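Heads up, the thing below is written out as structure tokens.
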Amino acid sequence: MTDATDGPDAGLDGHDDGPGGLDDGPGSFDDGPGGLDDGFHVFDTTLRDGAQREGINLTVADKLTIARHLDDFGVGFIEGGWPGANPRDTEFFQRAREEIDFKHARLVAFGATRKAGVRAEDDPQVAALLDSKAPVVTLVAKSHDRHVELALRTTLDENLAMIRDTVAHLRAHGRRVFVDCEHFFDGYRANARYATEVVRTAHEAGADVVVLCDTNGGMLPAQVEAVVRTVLADTGARLGIHAQDDTGCAVANTLAAVDAGATHVQCTANGYGERVGNSNLFPVVAALEIKYDRRVLPPGKLAEMTRISHAIAEVVNLTPATHQPYVGVSAFAHKAGLHASAIKVDPDLYQHIDPERVGNTMRMLVSDMAGRASVELKGKELGIDLGGDRALIGRVVERVKERELAGYTYEAADASFELLLREEVEGRARRYYRIESWRAIVEDRPDGTHANEATVKLWAKGERIVSTAEGNGPVNALDRALRVALERIYPQLAALKLTDYKVRILEGSLGTGSITRVLVSTSDERGEWSTVGVAENVIAASWQALDDAYAYGLRRAGVEPQE
């Protein structure tokens with residue numbers, strides 16, 4: 001775990017100053033706020049480094065929301081940004097002090113060492129770090145000799161003095177200091193003696209942790225482990241690791257550094273970060289807690305991991321990664337019949353952990369690869385007991401395979417599969433209405449605009465209904481016409497909302513006469529479901545998916561189908 005004080009309500013000197021409290025004297029860092037010792041740090045930099053991902057643009061309100069999620073998860077340090085570098089980050093630190101009652105985390109301000117030739121006490125950027133009132137400061141420092149000479153345009157000795165002076169100045173004002181050694185691994189390869197001296201200088205000046213940064217993300221685990229082990233032996237400093245994911249090894253590199261003796265890991269939620277991203281907080285924490293048996297979160301918080309991951313994805317307006325380890329919806333999804341047969345005997349045979357430990361669930365996917373065990377387990381998941389009826393299960397398997405050969409997919413359309421399964425169990429298709437006909441018209445007008453109109457003719461509860469509606473497209477018009485026809489009879493439909501619509505031209509078909517698959521996602525107040533339709537006509541495929549979506553929605557609402 002991670003923290004900067006003696007307890008959740010103590011300042012750096014042990015006074016009751018709250019998580020944002022601090023004092024001008026040096027502090028004791030024996031215990032973390034969640035009751036964990038300070039022996040291991042989980043440090044999150046989503047709000048700074050993660051925000052550098054292409055497509056992420058966080059407002060101050062977004063950053064405050066993410067900070068609350070991270071604190072709720074139980075990380076010990078949250079790096080909030082660079083106060084003084086831009087108004088947004090300066091405002092964030094002010095509002096975070098006033099609006100967030102941190103229960104587990106300490107807020108961290110990020111900044112640079114003093115400028116060359118300027119005293120630390122006279123550097124306005126260093127002053128902004130103190131003005132942020134953050135109890136912890138992370139300083140970025142150059143550790144690659146060429147970067148010192150070409151980027152900073154100063155001498156190697158002056159760079160060491162910049163580190164020494166800034167760390168000492170911040171420590172004199174009661175701040176806990178971490179030093180990020182930028183480009184450390186590349187610098188170590190070029191000039192190991194100088195890179196090591198940077199670590200030693202920061203440590204001797206009072207930095208609590210010296211973080212070795214793989215800034216370009218080019219390292220591999222064995223290389224990281226060897227360097228960390230050597231630097232630890234040569235300097236005696238407490239070491240951390242900051243890994244970028246350019247080789248796809250950021251999580252592995254982080255754990256390799258831990259194996260070598262690092263006790264501070266810097267990560268971002270969902271691996272967000274510049275270029276291809278950073279070390280992903282969630283698989284790192286899960287590995288530490290489950291695989292290493294190291295307590296790095298408060299009790300019970302690991303089970304919140306999936307929820308926290310998805311919540312942060314929503315704030316940054318990115319779809320949660322379906323195949324992300326531990327927390328993705330596909331992380332414990334099983335498709336092959338062979339796997340399903342084994343899982344029916346013992347879920348551990350094809351799962352490395354119980355998904356509930358990280359707040360996830362096991363899912364059975366039904367596809368043309370499904371066997372009897374897959375269908376039986378999926379039925380159980382949906383609350384339908386097939387009772388070991390081999391003939392029934394066989395019929396379902398064969399029907400799924402036939403329909404998937406025609407282009408349907410049920411692994412992404414659980415609701416359509418449940419309707420199919422119930423139809424086989426009940427021996428007939430039980431629906432809420434009978435369609436007489438439907439049509440959709442797109443009119444191209446002389447002024448360049450288009451009119452979309454749909455008409456639906458159906459029977460419901462013995463009544464023939466004809467309904468016409470317009471929409472912003474033919475599918476939307478059909479949806480509206482169906483609603484107009486049915487909402488008077490089934491008022492429960494008012495709660496249904498179309499949330500997503502996907503069209504795919506299936507492989508092996510050509511041009512405008514291609515076979516088309518449509519997936520529709522629908523929601524009510526309690527959740528979301530997906531349905532599928534397949535036809536040579538995109539409108540006909542859409543109609544099938546809409547028809548299933550309405551039938552499933554009414555079943556969820558407890559409405560009995562018509563005989």
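We name chains A, B, ... following the order of the structure tokens; residues begin at 1 in each chain, and ligands are numbered from 1 as shown.
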Find the nearest atom pair between each residue of region 129-154 of chain A and region 195-203 of chain A for residues within 10 Å, count only C-alpha atoms, give distances in Å to one decimal, sort rows by chain and ascending number, and present the table as a Markdown table.
| residue | atom | partner | partner_atom | distance |
| --- | --- | --- | --- | --- |
| A:Leu139 | CA | A:Ala202 | CA | 10.0 |
| A:Ala141 | CA | A:Val198 | CA | 8.4 |
| A:Lys142 | CA | A:Val198 | CA | 8.1 |
| A:Ser143 | CA | A:Ala195 | CA | 5.1 |
| A:His144 | CA | A:Ala195 | CA | 6.3 |
| A:Asp145 | CA | A:Ala195 | CA | 7.6 |
Review point. Between CA of Glu182 (chain A) and CA of Ala112 (chain A), what is the distance, to one decimal in Å?
Key: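 Distance between the two atoms: 10.7 Å.
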Practice item. DSSP on the backbone, then: every residue of region 209-446 of chain A marked strand (DSSP E or B), written as JSON, numbers by chain. Key: {"A": [209, 210, 211, 212, 213, 214, 239, 240, 241, 242, 243, 244, 264, 265, 266, 267, 268, 278, 280, 333, 334, 363, 364, 434, 435, 436, 437, 438, 439, 440, 441, 442, 443, 444]}
Point to revise | Minimum-distance residue to Pro135 (chain A), chosen among A:His147, A:Leu156, A:Ala535, A:Ala105 (using only C-alpha atoms) | key: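 For Pro135 (chain A), the nearest of the candidates is A:Ala105.
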Ala205 (chain A) environment, 9 Å, only C-alpha atoms, sequence neighbours closer than 3 positions dropped, as a PDB file with C-alpha atoms, in the first residue's frame:
ATOM      1  CA  ILE A 163      18.244  17.397  -7.853  1.00  0.00           C
ATOM      2  CA  ARG A 164      19.999  17.773  -4.509  1.00  0.00           C
ATOM      3  CA  ASP A 165      18.840  21.347  -3.914  1.00  0.00           C
ATOM      4  CA  THR A 166      15.203  20.811  -4.901  1.00  0.00           C
ATOM      5  CA  VAL A 167      14.756  17.660  -2.851  1.00  0.00           C
ATOM      6  CA  ALA A 168      16.329  19.289   0.201  1.00  0.00           C
ATOM      7  CA  ARG A 171      11.904  18.258   2.504  1.00  0.00           C
ATOM      8  CA  ARG A 200      22.420   8.129  -5.142  1.00  0.00           C
ATOM      9  CA  THR A 201      22.198  11.941  -5.120  1.00  0.00           C
ATOM     10  CA  ALA A 202      18.395  11.948  -4.865  1.00  0.00           C
TER      11      ALA A 202
END
Exercise for review: Do a neighbour search on region 435-451 of chain A at 12 Å with only C-alpha atoms, toss out local chain neighbours closer than 5 positions, and write the hits as an MDAnalysis selection string.
Suggested key: chainID A and resid 456:460 463:482 485:486 537:540 542:544 547
Practice item. Identify which of the residues A:Leu47, A:Ala303, A:Val265, A:Ala190 lies closest to Phe73 (chain A), counting only C-alpha atoms when measuring atom-to-atom distances. Key: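 That would be A:Ala303, the residue with the smallest distance to Phe73 (chain A).
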